[in-house]
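Here is the structure we will look at.
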Amino acid sequence: MIRTAAAWVLALGIASSANAQVDLSGVWAPYRAGRGADPALTPPPPSPIVLKPQYAKPYEARRAAEDAATKRGEPLATAAVSCVPYGMPRMMAVALYPVEIIQRADQITMVTEAFSEVRRVFLNKPQLPIDEVPPGYYGRSVGKWDGSTLVVDTVGIKESVLSYQLMPHSSQMRITERIRLVTPDMLHDQITIEDPLALEKPVVYTLAYRRMPNYEMVEFICENNREYVDEKGAVRMKVKDK
Amino acid sequence: MIAHLRRGYGGQARRTAVWIAALVVGVAAHARVSAHHSFAMFDTARRVTLVGTVTAFEWTNPHVYIELDVPDEKGDAVKGGAVKHWSVELGSPSILQQGGWKFSDVKVGDKLTAVINPLRNGDAGGLLFQVTLRDGRVLGNGPGRGGAQ
């Protein structure tokens with residue numbers, strides 16, 4: 001009990017500052033519901049995706065085509081098949097790949113093991129108007145502490161970089177993350193996606209991560225990609241003759 | 001040698017004397033979370049056992065590969081048999097390390113037994129389900145994947 005309390009004091013970094021900061025530094029692995037997971041630590045279920053009609057129609061058609069292709073054993077390709085990075089927000093939860101958080105007073109850097117993606121969160125800086133941010137994979141992120149929760153605002157994600165659940169979005173998408181320690185070794189990232197052009201209402205979902213003490217991040221250079229996309233848009237694997 | 005399996009993968013799987021290409025043994029309980037592509041091109045309801053010699057082991061991203069020469073039931077060419085080459089896809093180095101693998105676990109020339117989910121299109125390739133290494137260790141295809149977990 002005493003050790004737990006001490007760990008919390010350390011984790012919360014209780015300082016003389018009125019704006020007590022939490023140390024999020026470390027390597028974190030996605031923690032998913034299912035076998036062996038603690039139900040008390042798994043995140044709540046996500047809200048539904050409700051797109052505006054002009055976005056919903058092609059999205060639903062694509063999902064139906066994906067389902068049919070998967071049933072045929074000819075899964076449709078996504079950009080990742082060609083080793084194109086995921087970008088925000090999908091980069092924050094790729095299979096079991098860890099995310100390293102490096103924390104400074106003025107910046108938090110997140111490095112994902114899958115595809116070695118890097119995003120930088122500038123602390124205590126104002127966000128730019130969306131239309132002044134060059135569209136990219138990670139956009140521009142600014143953060144501030146709300147008590148012991150890090151609140152990150154991200155805009156400027158390219159429309160070609162598909163969003164949560166391969167959801168389409170407009171240039172006006174805004175991603176708000178509320179990142180906090182729920183225990184010293186468990187992190188939750190509640191993600192809210194707002195898009196006044198594409199979404200009828202915000203999408204909210206939470207990612208959970210467990211701390212990986214002493215884990216050494218490994219490199220990920222996509223040098224030996226044997227998957228390719230055939231003329232029907234399906235993923236295939238090249239085999240060798242010898 | 002290509003065999004079908006008589007029993008489950010939790011213990012030592014024994015091969016039958018009947019040499020066939022594959023056998024449906026039930027749907028594998030694989031996690032369907034992928035690094036960069038769907039696994040639907042592999043028939044996860046089927047498992048094929050390959051007993052052969054490693055010609056290459058590529059510890060690379062986005063996937064690790066084992067290249068395997070697999071003789072038929074007559075044995076290798078010296079014994080009058082034919083050898084078929086197979087490409088076996090594994091997870092990435094990161095995922096495999098989390099499942100107990102090391103980059104040095106497989107060497108060219110190793111004789112090993114690989115249980116795979118074959119490609120649906122009939123090409124000589126598949127997704128690793130479980131492998132028995134030269135030293136007898138049994139490894140799956142990363143955490144939660146394969147009978148060795």
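Labeling convention for the structure tokens: chains A, B, ... as they appear, residues from 1 per chain, ligands from 1 in order of appearance.
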
Up to 10 Å from chain A, what residues of chain B turn up? Count only C-alpha atoms and give them as number ranges by chain.
B: 31-43, 55-56, 58-65, 67-69, 83-89, 92-95, 97-98, 119-121, 123-126, 142-144

Selection file, N, CA and C atoms, as a tab-separated table (two decimals), in the first residue's frame:
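Result file out.tsv:
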```
chain	number	residue	atom	x	y	z
B	31	ALA	N	-5.20	-13.89	-33.57
B	31	ALA	CA	-5.62	-12.51	-33.48
B	31	ALA	C	-5.59	-11.94	-34.89
B	32	ARG	N	-6.58	-11.16	-35.25
B	32	ARG	CA	-6.63	-10.63	-36.61
B	32	ARG	C	-6.08	-9.21	-36.69
B	33	VAL	N	-5.18	-8.89	-35.80
B	33	VAL	CA	-4.61	-7.56	-35.82
B	33	VAL	C	-3.35	-7.62	-36.68
B	34	SER	N	-3.28	-6.80	-37.69
B	34	SER	CA	-2.20	-6.90	-38.64
B	34	SER	C	-1.27	-5.70	-38.58
B	35	ALA	N	-0.01	-5.97	-38.91
B	35	ALA	CA	0.94	-4.86	-38.96
B	35	ALA	C	0.64	-3.96	-40.15
B	36	HIS	N	0.47	-4.56	-41.29
B	36	HIS	CA	0.22	-3.67	-42.43
B	36	HIS	C	-0.67	-4.28	-43.51
B	37	HIS	N	-1.21	-5.44	-43.24
B	37	HIS	CA	-2.16	-5.98	-44.21
B	37	HIS	C	-3.06	-6.99	-43.53
B	38	SER	N	-4.16	-7.27	-44.21
B	38	SER	CA	-5.10	-8.28	-43.73
B	38	SER	C	-4.48	-9.67	-43.90
B	39	PHE	N	-4.90	-10.60	-43.06
B	39	PHE	CA	-4.44	-11.99	-43.18
B	39	PHE	C	-5.40	-12.83	-44.02
B	40	ALA	N	-6.39	-12.19	-44.63
B	40	ALA	CA	-7.42	-12.97	-45.32
B	40	ALA	C	-6.89	-13.72	-46.54
B	41	MET	N	-5.73	-13.34	-47.04
B	41	MET	CA	-5.19	-14.09	-48.18
B	41	MET	C	-4.66	-15.46	-47.74
B	42	PHE	N	-4.50	-15.63	-46.43
B	42	PHE	CA	-4.10	-16.93	-45.90
B	42	PHE	C	-5.33	-17.69	-45.43
B	43	ASP	N	-5.32	-18.97	-45.64
B	43	ASP	CA	-6.45	-19.79	-45.20
B	43	ASP	C	-6.18	-20.23	-43.76
B	55	THR	N	16.67	-22.26	-46.50
B	55	THR	CA	17.60	-21.69	-47.48
B	55	THR	C	17.84	-20.22	-47.21
B	56	ALA	N	16.95	-19.58	-46.47
B	56	ALA	CA	17.16	-18.18	-46.08
B	56	ALA	C	16.28	-17.87	-44.88
B	58	GLU	N	15.14	-14.28	-43.20
B	58	GLU	CA	15.23	-12.82	-43.38
B	58	GLU	C	14.56	-12.12	-42.19
B	59	TRP	N	15.38	-11.58	-41.31
B	59	TRP	CA	14.89	-10.87	-40.11
B	59	TRP	C	14.69	-9.41	-40.51
B	60	THR	N	13.59	-9.14	-41.17
B	60	THR	CA	13.37	-7.83	-41.79
B	60	THR	C	11.96	-7.33	-41.50
B	61	ASN	N	11.77	-6.05	-41.79
B	61	ASN	CA	10.43	-5.47	-41.76
B	61	ASN	C	9.92	-5.27	-43.18
B	62	PRO	N	8.62	-5.29	-43.41
B	62	PRO	CA	7.59	-5.38	-42.39
B	62	PRO	C	7.35	-6.80	-41.87
B	63	HIS	N	8.01	-7.80	-42.49
B	63	HIS	CA	7.83	-9.18	-42.03
B	63	HIS	C	9.14	-9.94	-42.07
B	64	VAL	N	9.20	-10.93	-41.23
B	64	VAL	CA	10.30	-11.89	-41.24
B	64	VAL	C	9.88	-13.05	-42.15
B	65	TYR	N	10.84	-13.62	-42.89
B	65	TYR	CA	10.52	-14.74	-43.78
B	65	TYR	C	11.47	-15.90	-43.54
B	67	GLU	N	12.62	-19.12	-45.77
B	67	GLU	CA	12.55	-19.81	-47.06
B	67	GLU	C	12.95	-21.26	-46.82
B	68	LEU	N	12.14	-22.16	-47.34
B	68	LEU	CA	12.28	-23.55	-46.95
B	68	LEU	C	12.22	-24.47	-48.17
B	69	ASP	N	13.21	-25.36	-48.32
B	69	ASP	CA	13.16	-26.42	-49.32
B	69	ASP	C	12.53	-27.64	-48.68
B	83	VAL	N	11.96	-31.67	-54.72
B	83	VAL	CA	11.95	-30.67	-53.65
B	83	VAL	C	11.09	-29.49	-54.08
B	84	LYS	N	10.20	-29.08	-53.21
B	84	LYS	CA	9.37	-27.91	-53.49
B	84	LYS	C	9.79	-26.80	-52.54
B	85	HIS	N	9.85	-25.57	-53.08
B	85	HIS	CA	10.27	-24.45	-52.25
B	85	HIS	C	9.07	-23.70	-51.70
B	86	TRP	N	9.13	-23.34	-50.44
B	86	TRP	CA	8.04	-22.60	-49.78
B	86	TRP	C	8.58	-21.32	-49.16
B	87	SER	N	7.76	-20.26	-49.24
B	87	SER	CA	8.05	-18.99	-48.54
B	87	SER	C	7.07	-18.86	-47.38
B	88	VAL	N	7.63	-18.69	-46.20
B	88	VAL	CA	6.79	-18.62	-44.99
B	88	VAL	C	6.90	-17.23	-44.37
B	89	GLU	N	5.75	-16.57	-44.24
B	89	GLU	CA	5.72	-15.23	-43.66
B	89	GLU	C	5.49	-15.31	-42.16
B	92	SER	N	6.56	-9.25	-37.60
B	92	SER	CA	7.73	-8.39	-37.74
B	92	SER	C	8.72	-8.72	-36.61
B	93	PRO	N	9.96	-8.27	-36.72
B	93	PRO	CA	10.91	-8.50	-35.63
B	93	PRO	C	10.38	-8.04	-34.27
B	94	SER	N	9.72	-6.88	-34.25
B	94	SER	CA	9.20	-6.36	-32.98
B	94	SER	C	8.19	-7.33	-32.37
B	95	ILE	N	7.24	-7.76	-33.18
B	95	ILE	CA	6.18	-8.64	-32.66
B	95	ILE	C	6.76	-10.00	-32.27
B	97	GLN	N	9.84	-10.68	-31.30
B	97	GLN	CA	10.61	-10.56	-30.06
B	97	GLN	C	9.70	-10.61	-28.85
B	98	GLN	N	8.54	-9.98	-28.98
B	98	GLN	CA	7.59	-10.02	-27.86
B	98	GLN	C	7.07	-11.43	-27.63
B	119	LEU	N	-1.40	-19.98	-48.38
B	119	LEU	CA	-2.06	-18.98	-49.22
B	119	LEU	C	-3.27	-19.62	-49.90
B	120	ARG	N	-4.33	-18.85	-49.99
B	120	ARG	CA	-5.54	-19.37	-50.61
B	120	ARG	C	-5.38	-19.58	-52.11
B	121	ASN	N	-4.49	-18.82	-52.74
B	121	ASN	CA	-4.40	-18.88	-54.21
B	121	ASN	C	-3.57	-20.06	-54.70
B	123	ASP	N	-0.38	-20.65	-54.29
B	123	ASP	CA	1.07	-20.45	-54.35
B	123	ASP	C	1.74	-21.13	-53.15
B	124	ALA	N	3.01	-21.46	-53.32
B	124	ALA	CA	3.73	-22.18	-52.26
B	124	ALA	C	4.22	-21.19	-51.20
B	125	GLY	N	3.28	-20.71	-50.44
B	125	GLY	CA	3.61	-19.78	-49.36
B	125	GLY	C	2.54	-19.82	-48.31
B	126	GLY	N	2.85	-19.23	-47.16
B	126	GLY	CA	1.85	-19.20	-46.11
B	126	GLY	C	2.30	-18.38	-44.93
B	142	GLY	N	4.42	-14.76	-32.70
B	142	GLY	CA	4.21	-13.56	-31.90
B	142	GLY	C	3.18	-13.79	-30.82
B	143	PRO	N	3.04	-12.83	-29.89
B	143	PRO	CA	2.12	-13.01	-28.77
B	143	PRO	C	0.70	-13.31	-29.23
B	144	GLY	N	0.16	-14.39	-28.69
B	144	GLY	CA	-1.22	-14.73	-29.03
B	144	GLY	C	-1.40	-15.42	-30.36
```

List the neighbours of segment 193-206 of chain A out to 8 Å using only C-alpha atoms; skip same-chain residues closer than 5 positions along the sequence, and give me the result as number ranges by chain.
A: 43-52, 54-55, 168-170, 172-176, 188

According to DSSP computed on the backbone, where in segment 71-163 of chain A is there helix (DSSP H, G or I)? Give the residues as a short mmCIF file (atom, residue, chain, number, x, y, z; two decimals) with N, CA and C atoms, in the first residue's frame.
```
data_model
loop_
_atom_site.label_atom_id
_atom_site.label_comp_id
_atom_site.auth_asym_id
_atom_site.auth_seq_id
_atom_site.Cartn_x
_atom_site.Cartn_y
_atom_site.Cartn_z
N LYS A 71 -14.01 -12.01 -47.49
CA LYS A 71 -14.67 -13.33 -47.52
C LYS A 71 -14.14 -14.17 -48.68
N ARG A 72 -13.79 -13.51 -49.78
CA ARG A 72 -13.24 -14.24 -50.94
C ARG A 72 -11.77 -14.61 -50.72
N ALA A 79 -3.25 1.81 -47.65
CA ALA A 79 -1.95 2.45 -47.92
C ALA A 79 -0.81 1.74 -47.20
N ALA A 80 -1.10 1.18 -46.03
CA ALA A 80 -0.04 0.55 -45.23
C ALA A 80 0.57 -0.65 -45.95
N VAL A 81 -0.19 -1.28 -46.84
CA VAL A 81 0.35 -2.43 -47.59
C VAL A 81 1.59 -2.00 -48.38
N SER A 82 1.59 -0.75 -48.81
CA SER A 82 2.74 -0.24 -49.56
C SER A 82 3.76 0.43 -48.65
N ARG A 90 -4.41 6.95 -36.53
CA ARG A 90 -4.28 5.49 -36.50
C ARG A 90 -2.92 5.03 -35.98
N MET A 91 -1.90 5.88 -36.14
CA MET A 91 -0.56 5.49 -35.67
C MET A 91 -0.51 5.20 -34.17
N MET A 92 -1.49 5.69 -33.43
CA MET A 92 -1.46 5.53 -31.98
C MET A 92 -1.88 4.14 -31.52
N ALA A 114 6.01 0.77 -34.95
CA ALA A 114 5.56 0.43 -36.31
C ALA A 114 5.85 1.61 -37.22
N PHE A 115 6.67 1.38 -38.23
CA PHE A 115 6.99 2.39 -39.24
C PHE A 115 7.80 3.57 -38.68
N SER A 116 8.21 3.48 -37.41
CA SER A 116 9.04 4.54 -36.80
C SER A 116 8.44 5.93 -36.99
N ILE A 130 -6.68 26.09 -38.64
CA ILE A 130 -6.48 24.86 -39.44
C ILE A 130 -5.93 25.17 -40.82
N ASP A 131 -6.47 26.17 -41.44
CA ASP A 131 -6.08 26.43 -42.83
C ASP A 131 -4.67 27.01 -42.96
N GLU A 132 -4.02 27.26 -41.85
CA GLU A 132 -2.64 27.74 -41.91
C GLU A 132 -1.63 26.62 -41.63
#
```

Considering only strand (DSSP E) as DSSP defines it on the backbone, what residues of segment 115-217 of chain A qualify? List them as an MDAnalysis selection string.
chainID A and resid 118:123 140:146 149:155 174:183 186:194 203:211

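Of the residues listed (B:Leu112, B:Asp76, B:Ser104, B:Gly136), B:Leu112 shows the shortest atom-to-atom separation from Thr49 of chain B; distances use only C-alpha atoms.
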
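Distance check against Lys144 of chain A using only C-alpha atoms: of A:Ile102, A:Val111, A:Met167, A:Ile179, the minimum falls on A:Ile179.
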
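Interatomic distance, atom CA of Asp135 of chain B against atom CA of Asp105 of chain B: 9.2 Å.
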
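Neighbouring residues of Gly75 of chain B at 12 Å or closer, counting only C-alpha atoms and skipping chain neighbours under 4 positions away, are Met1, Ile2, Val51, Gly52, Thr53, Asp69, Val70, Pro71, Lys79, Gly80, Gly81, Ala82, Val83 and Lys84 of chain B.
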
Could you jot down the atom CA of Lys232 of chain A to atom CA of Ser171 of chain A separation for me, Å, one decimal place?
29.1 Å

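In terms of minimum interatomic distance to Asp153 of chain A, A:Met88 ranks closest within A:Ile101, A:Met88, A:Ala93, A:Ala68, counting only C-alpha atoms.
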
Write out as a compact mmCIF listing (two decimals) with C-alpha atoms, in the first residue's frame the residues lying within 6 Å of segment 145-151 of chain A, counting only C-alpha atoms and excluding same-chain residues fewer than 6 positions away.
```txt
# COMPACT_ATOMS: atom_id res chain seq x y z
CA GLN A 21 2.81 17.67 -14.29
CA VAL A 22 2.76 13.95 -14.73
CA GLU A 177 -6.60 13.78 -26.89
CA ARG A 178 -6.86 13.58 -23.14
CA ILE A 179 -3.89 11.51 -21.97
CA ARG A 180 -3.62 10.42 -18.37
```

Interatomic distance between atom CA of Gly156 of chain A and atom CA of Leu181 of chain A?
27.0 Å
